[in-house]
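S.K.: Mind looking over this structure? Questions follow.
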Amino acid sequence: MAWNDNKNQNPWGNNGDMPPELDEVIKDFKNKFGGVFGGNKSPNSDTPSLPLQGNFKYIFILVLLVWILSGIYIVGPAEKGVILRFGEFQEETGQGPHWHIPYPIETLTQINVEQIRTAEIGFRNVSGNRRGGNVSSESIMLTKDENMIDAKFAVQYKISDVQDYLFKVVSPDTTLRHVMESAIRQVVGKNTMDYILTEGRVNVADSIKEKAQALLNFYKTGLIITTVNMQDAQPPEQVQEAFSDAVKAREDKQRLINEAQTYANDILPKSRGKAARMLEESKAYRSRVIAKSEGESSRFSQILTEYEKAPVVTRERLYRETMEEVLAATSKVVVDSKANSMMYLPIDKLINSRQSSTEVIIREVPQSQTNQRGSVRDVFRSREVR
């Protein structure tokens, strides 16, 4: 008779009030389930084997317990847990232990949202070689100046929105590769080859990141790009030699430009200084001429005033002043004819000092000129002394 047929009997075979010992409970449990699964009855056990129908609820309780416990899960610090109930999104869980209704009612998907993922455009990393595994169909593209360029990019990204990543796009990682190829060709096609190869590397990478992120947000892929690096950019191998010649010619051009600039920097300041000096000299000459002209004009006005007061005296004074100016710059000695004929003239010293021929002029002034000059009665004789 089964133990459940007698309601007064303890399930563990003990009718007393005290609970059975742990060893007896384990042994009794083992015997019961041993009989269920075809095991033999323990020779030391007095409890008969239970039939399969009577022990089914034990199996059910055990399976139910295991099924319930299988719903316990732990989400790591860098992970997000997504619960789906019959394939429909239910909730998103964060770090720590959680429980959900086990499969097949609810399913759990844990995703590392802090993991940095990498996408390689134009190459595939082979044994740590950055340039290994070249993919020409991705790397070769056309620039703005209609030149071919072989460019390779490495993209690092991570998941920003778990729901978008799982449910909005079928294959987010593949979509990112297509978006990156489109953005790269768009940016490269808007810039010249020289700009991409020289000073524009950083700006090109930033532009590609900006345009690609805008497309990823538009498609709701749930991905965010962290960095875009231009691994390598060069002309295709077929035109490397011609490109090297072009680079050399460009360097020669820059060298000549620098030499010309150096010459210009040397000659221009001198020319500017010379021009400034000439301008200042011309201004000084103009000021001097104007001042002299004004002085001469003022002097003429004063002489005219004096001439009007005493014409004879003024004419005599002007004549003497003019003769002083004229004779001061000549090698002539003028003496009065009435002077002592035995006067001493140091002609040798005069000749040595002036380094030219000296003329001694003795002239008799006509009476008509004497009358005009007032008291001038000089009579001169002229002779040339060599």
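All residue names refer to the structure tokens as shown: chains lettered A, B, ... in order, residues numbered from 1 in each chain, ligands numbered from 1 in order.
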Can you pull out the residues contacting A:Ala246? Cut-off 12 Å, using only C-alpha atoms, and skip same-chain residues under 6 positions away; I want them as an MDAnalysis selection string.

M.R.: chainID A and resid 193:194 235 239:240 252:253

S.K.: Include C-alpha atoms and write out the residues we just selected as a CSV table (one decimal), in the first residue's frame.

M.R.:
chain,number,residue,atom,x,y,z
A,193,MET,CA,44.8,63.9,-53.4
A,194,ASP,CA,47.5,66.2,-52.1
A,235,PRO,CA,48.6,56.1,-54.8
A,239,VAL,CA,51.3,54.7,-60.6
A,240,GLN,CA,53.8,54.8,-57.7
A,252,ASP,CA,61.5,71.3,-56.2
A,253,LYS,CA,58.8,73.8,-56.8

S.K.: When DSSP is applied to the backbone of this structure, which of stretch 50-288 of chain A are assigned strand (DSSP E or B)? Write them out as a ChimeraX atom specification.

M.R.: /A:72-75,79-85,88-93,96-99,106-112,117-121,123,126,129,134,140-142,148-159,223-234

S.K.: Limited to C-alpha atoms, could you put the picked residues into a file as a short mmCIF file (atom, residue, chain, number, x, y, z; two decimals), in the first residue's frame?

M.R.:
data_model
loop_
_atom_site.label_atom_id
_atom_site.label_comp_id
_atom_site.auth_asym_id
_atom_site.auth_seq_id
_atom_site.Cartn_x
_atom_site.Cartn_y
_atom_site.Cartn_z
CA ILE A 72 18.34 33.33 -12.30
CA TYR A 73 21.04 35.25 -14.13
CA ILE A 74 23.73 37.84 -13.37
CA VAL A 75 24.48 40.87 -15.57
CA GLU A 79 26.69 44.25 -19.96
CA LYS A 80 23.01 44.83 -20.55
CA GLY A 81 20.35 42.12 -20.27
CA VAL A 82 17.39 42.04 -22.64
CA ILE A 83 14.32 39.96 -21.76
CA LEU A 84 12.04 38.73 -24.54
CA ARG A 85 8.65 37.20 -23.75
CA GLU A 88 8.61 40.40 -27.81
CA PHE A 89 10.77 42.86 -25.93
CA GLN A 90 9.86 42.94 -22.27
CA GLU A 91 12.55 44.82 -20.35
CA GLU A 92 16.19 45.80 -20.21
CA THR A 93 18.17 45.02 -17.08
CA GLY A 96 23.56 42.67 -10.85
CA PRO A 97 21.57 39.46 -10.22
CA HIS A 98 18.11 39.14 -11.75
CA TRP A 99 15.41 36.55 -12.39
CA GLU A 106 11.07 34.32 -21.73
CA THR A 107 14.52 34.36 -23.25
CA LEU A 108 17.58 36.29 -22.12
CA THR A 109 20.15 38.03 -24.28
CA GLN A 110 23.21 39.56 -22.62
CA ILE A 111 25.28 42.05 -24.62
CA ASN A 112 28.54 43.74 -23.69
CA ARG A 117 34.64 46.60 -31.69
CA THR A 118 36.75 47.14 -34.80
CA ALA A 119 35.86 47.35 -38.46
CA GLU A 120 38.60 47.38 -41.10
CA ILE A 121 37.88 49.17 -44.36
CA PHE A 123 42.28 45.79 -45.55
CA VAL A 126 46.56 39.37 -40.86
CA ASN A 129 50.20 43.18 -39.84
CA ASN A 134 44.63 44.41 -48.82
CA ILE A 140 40.80 52.27 -54.13
CA MET A 141 38.69 55.36 -54.77
CA LEU A 142 38.61 58.57 -56.82
CA MET A 148 43.19 57.36 -57.76
CA ILE A 149 44.10 56.81 -54.12
CA ASP A 150 44.50 53.64 -52.06
CA ALA A 151 43.20 54.48 -48.57
CA LYS A 152 42.72 52.18 -45.60
CA PHE A 153 40.74 53.00 -42.46
CA ALA A 154 40.27 51.36 -39.07
CA VAL A 155 37.00 52.10 -37.26
CA GLN A 156 36.36 51.50 -33.57
CA TYR A 157 32.81 51.51 -32.27
CA LYS A 158 30.57 50.17 -29.52
CA ILE A 159 26.88 49.63 -28.77
CA LEU A 223 26.03 51.93 -32.63
CA ILE A 224 28.34 54.82 -31.83
CA ILE A 225 31.71 55.38 -33.50
CA THR A 226 34.51 56.16 -31.08
CA THR A 227 37.48 56.67 -33.44
CA VAL A 228 38.26 56.65 -37.16
CA ASN A 229 41.95 56.27 -38.07
CA MET A 230 43.46 56.53 -41.52
CA GLN A 231 45.86 53.61 -41.44
CA ASP A 232 47.45 54.23 -44.82
CA ALA A 233 46.90 56.43 -47.86
CA GLN A 234 48.98 56.29 -51.02
#

S.K.: Suppose you want the space between atom CA of A:Glu146 and atom CA of A:Arg177; what is it in Å?

M.R.: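 We find that atom CA of A:Glu146 and atom CA of A:Arg177 lie 24.7 Å from each other.
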
S.K.: If you run DSSP on the backbone, which residues of stretch 36-281 of chain A are alpha helix (DSSP H), as a PyMOL selection string?

M.R.: chain A and resi 36+56-69+136-139+162-167+172-189+193-197+201-219+240-281

S.K.: Save out the residues we just selected, C-alpha atoms, as an mmCIF file, in the first residue's frame.

M.R.:
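Final output, again.cif:
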data_model
loop_
_atom_site.group_PDB
_atom_site.id
_atom_site.type_symbol
_atom_site.label_atom_id
_atom_site.label_comp_id
_atom_site.auth_asym_id
_atom_site.auth_seq_id
_atom_site.Cartn_x
_atom_site.Cartn_y
_atom_site.Cartn_z
ATOM 1 C CA VAL A 36 11.208 4.672 -9.950
ATOM 2 C CA PHE A 56 5.684 11.341 -10.563
ATOM 3 C CA LYS A 57 4.950 14.416 -8.506
ATOM 4 C CA TYR A 58 8.416 14.218 -6.999
ATOM 5 C CA ILE A 59 9.883 14.310 -10.453
ATOM 6 C CA PHE A 60 7.613 17.142 -11.433
ATOM 7 C CA ILE A 61 8.534 19.166 -8.356
ATOM 8 C CA LEU A 62 12.228 18.593 -8.992
ATOM 9 C CA VAL A 63 11.977 19.569 -12.644
ATOM 10 C CA LEU A 64 9.883 22.595 -11.746
ATOM 11 C CA LEU A 65 12.464 23.639 -9.179
ATOM 12 C CA VAL A 66 15.295 23.298 -11.675
ATOM 13 C CA TRP A 67 13.278 25.192 -14.286
ATOM 14 C CA ILE A 68 12.572 28.043 -11.873
ATOM 15 C CA LEU A 69 16.181 28.232 -10.771
ATOM 16 C CA SER A 136 41.359 46.800 -53.291
ATOM 17 C CA SER A 137 37.610 46.860 -53.926
ATOM 18 C CA GLU A 138 37.225 48.848 -50.696
ATOM 19 C CA SER A 139 40.448 50.851 -50.602
ATOM 20 C CA VAL A 162 20.740 47.703 -27.040
ATOM 21 C CA GLN A 163 17.140 47.741 -28.292
ATOM 22 C CA ASP A 164 18.047 49.435 -31.563
ATOM 23 C CA TYR A 165 21.013 47.126 -31.998
ATOM 24 C CA LEU A 166 18.894 43.992 -31.573
ATOM 25 C CA PHE A 167 15.586 44.892 -33.204
ATOM 26 C CA PRO A 172 24.093 46.291 -37.497
ATOM 27 C CA ASP A 173 27.787 45.433 -37.916
ATOM 28 C CA THR A 174 27.398 44.841 -41.651
ATOM 29 C CA THR A 175 25.367 48.026 -41.925
ATOM 30 C CA LEU A 176 28.204 49.924 -40.230
ATOM 31 C CA ARG A 177 30.710 48.639 -42.795
ATOM 32 C CA HIS A 178 28.487 49.763 -45.674
ATOM 33 C CA VAL A 179 27.911 53.141 -44.043
ATOM 34 C CA MET A 180 31.645 53.623 -43.494
ATOM 35 C CA GLU A 181 32.467 52.787 -47.123
ATOM 36 C CA SER A 182 29.850 55.267 -48.320
ATOM 37 C CA ALA A 183 31.083 58.035 -45.991
ATOM 38 C CA ILE A 184 34.737 57.421 -46.918
ATOM 39 C CA ARG A 185 34.075 57.652 -50.636
ATOM 40 C CA GLN A 186 31.973 60.768 -50.151
ATOM 41 C CA VAL A 187 34.635 62.616 -48.140
ATOM 42 C CA VAL A 188 37.552 61.475 -50.301
ATOM 43 C CA GLY A 189 35.667 62.458 -53.447
ATOM 44 C CA MET A 193 44.822 63.887 -53.438
ATOM 45 C CA ASP A 194 47.540 66.191 -52.097
ATOM 46 C CA TYR A 195 45.288 67.364 -49.263
ATOM 47 C CA ILE A 196 44.436 63.810 -48.221
ATOM 48 C CA LEU A 197 48.061 62.644 -48.292
ATOM 49 C CA ARG A 201 44.576 63.368 -42.844
ATOM 50 C CA VAL A 202 43.078 64.346 -39.489
ATOM 51 C CA ASN A 203 40.332 66.508 -40.995
ATOM 52 C CA VAL A 204 39.365 63.756 -43.442
ATOM 53 C CA ALA A 205 39.059 61.209 -40.621
ATOM 54 C CA ASP A 206 36.931 63.591 -38.554
ATOM 55 C CA SER A 207 34.625 64.318 -41.495
ATOM 56 C CA ILE A 208 34.189 60.600 -42.171
ATOM 57 C CA LYS A 209 33.312 59.961 -38.526
ATOM 58 C CA GLU A 210 30.741 62.766 -38.498
ATOM 59 C CA LYS A 211 28.977 61.686 -41.697
ATOM 60 C CA ALA A 212 29.013 57.976 -40.807
ATOM 61 C CA GLN A 213 27.583 58.622 -37.335
ATOM 62 C CA ALA A 214 24.774 60.685 -38.841
ATOM 63 C CA LEU A 215 23.825 57.769 -41.126
ATOM 64 C CA LEU A 216 24.014 55.246 -38.278
ATOM 65 C CA ASN A 217 21.681 57.394 -36.193
ATOM 66 C CA PHE A 218 19.317 57.721 -39.144
ATOM 67 C CA TYR A 219 19.163 53.922 -39.563
ATOM 68 C CA GLN A 240 53.777 54.785 -57.732
ATOM 69 C CA GLU A 241 56.724 55.745 -59.954
ATOM 70 C CA ALA A 242 54.849 58.565 -61.678
ATOM 71 C CA PHE A 243 53.584 59.792 -58.350
ATOM 72 C CA SER A 244 57.131 59.821 -56.952
ATOM 73 C CA ASP A 245 58.206 62.011 -59.870
ATOM 74 C CA ALA A 246 55.290 64.325 -59.220
ATOM 75 C CA VAL A 247 56.193 64.543 -55.529
ATOM 76 C CA LYS A 248 59.804 65.359 -56.414
ATOM 77 C CA ALA A 249 58.681 68.066 -58.828
ATOM 78 C CA ARG A 250 56.405 69.510 -56.148
ATOM 79 C CA GLU A 251 59.268 69.544 -53.668
ATOM 80 C CA ASP A 252 61.522 71.312 -56.218
ATOM 81 C CA LYS A 253 58.775 73.823 -56.803
ATOM 82 C CA GLN A 254 58.459 74.488 -53.100
ATOM 83 C CA ARG A 255 62.236 74.802 -52.773
ATOM 84 C CA LEU A 256 62.393 77.383 -55.558
ATOM 85 C CA ILE A 257 59.505 79.262 -54.005
ATOM 86 C CA ASN A 258 61.338 79.342 -50.682
ATOM 87 C CA GLU A 259 64.532 80.584 -52.343
ATOM 88 C CA ALA A 260 62.607 83.306 -54.165
ATOM 89 C CA GLN A 261 60.904 84.256 -50.925
ATOM 90 C CA THR A 262 64.260 84.454 -49.187
ATOM 91 C CA TYR A 263 65.633 86.714 -51.919
ATOM 92 C CA ALA A 264 62.515 88.862 -51.750
ATOM 93 C CA ASN A 265 62.818 89.126 -47.978
ATOM 94 C CA ASP A 266 66.396 90.303 -48.449
ATOM 95 C CA ILE A 267 65.924 92.791 -51.290
ATOM 96 C CA LEU A 268 62.538 94.263 -50.445
ATOM 97 C CA PRO A 269 63.526 95.838 -47.099
ATOM 98 C CA LYS A 270 66.572 97.413 -48.746
ATOM 99 C CA SER A 271 64.487 98.756 -51.607
ATOM 100 C CA ARG A 272 61.864 100.062 -49.221
ATOM 101 C CA GLY A 273 64.573 101.716 -47.126
ATOM 102 C CA LYS A 274 66.156 103.272 -50.187
ATOM 103 C CA ALA A 275 62.801 104.507 -51.426
ATOM 104 C CA ALA A 276 62.025 105.969 -48.003
ATOM 105 C CA ARG A 277 65.409 107.689 -47.928
ATOM 106 C CA MET A 278 64.855 109.170 -51.395
ATOM 107 C CA LEU A 279 61.439 110.402 -50.344
ATOM 108 C CA GLU A 280 62.877 112.026 -47.245
ATOM 109 C CA GLU A 281 65.674 113.604 -49.291
#

S.K.: For atom CA of A:Asn55 and atom CA of A:Pro102, quote the distance in Å rounded to one decimal.

M.R.: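 Rounded to one decimal, the two atoms are 24.7 Å apart.
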
S.K.: Grab the atom CA of A:Ile101 to atom CA of A:Gly71 distance for me, in Å with one decimal place.

M.R.: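 Between atom CA of A:Ile101 and atom CA of A:Gly71 the gap works out to 5.6 Å.
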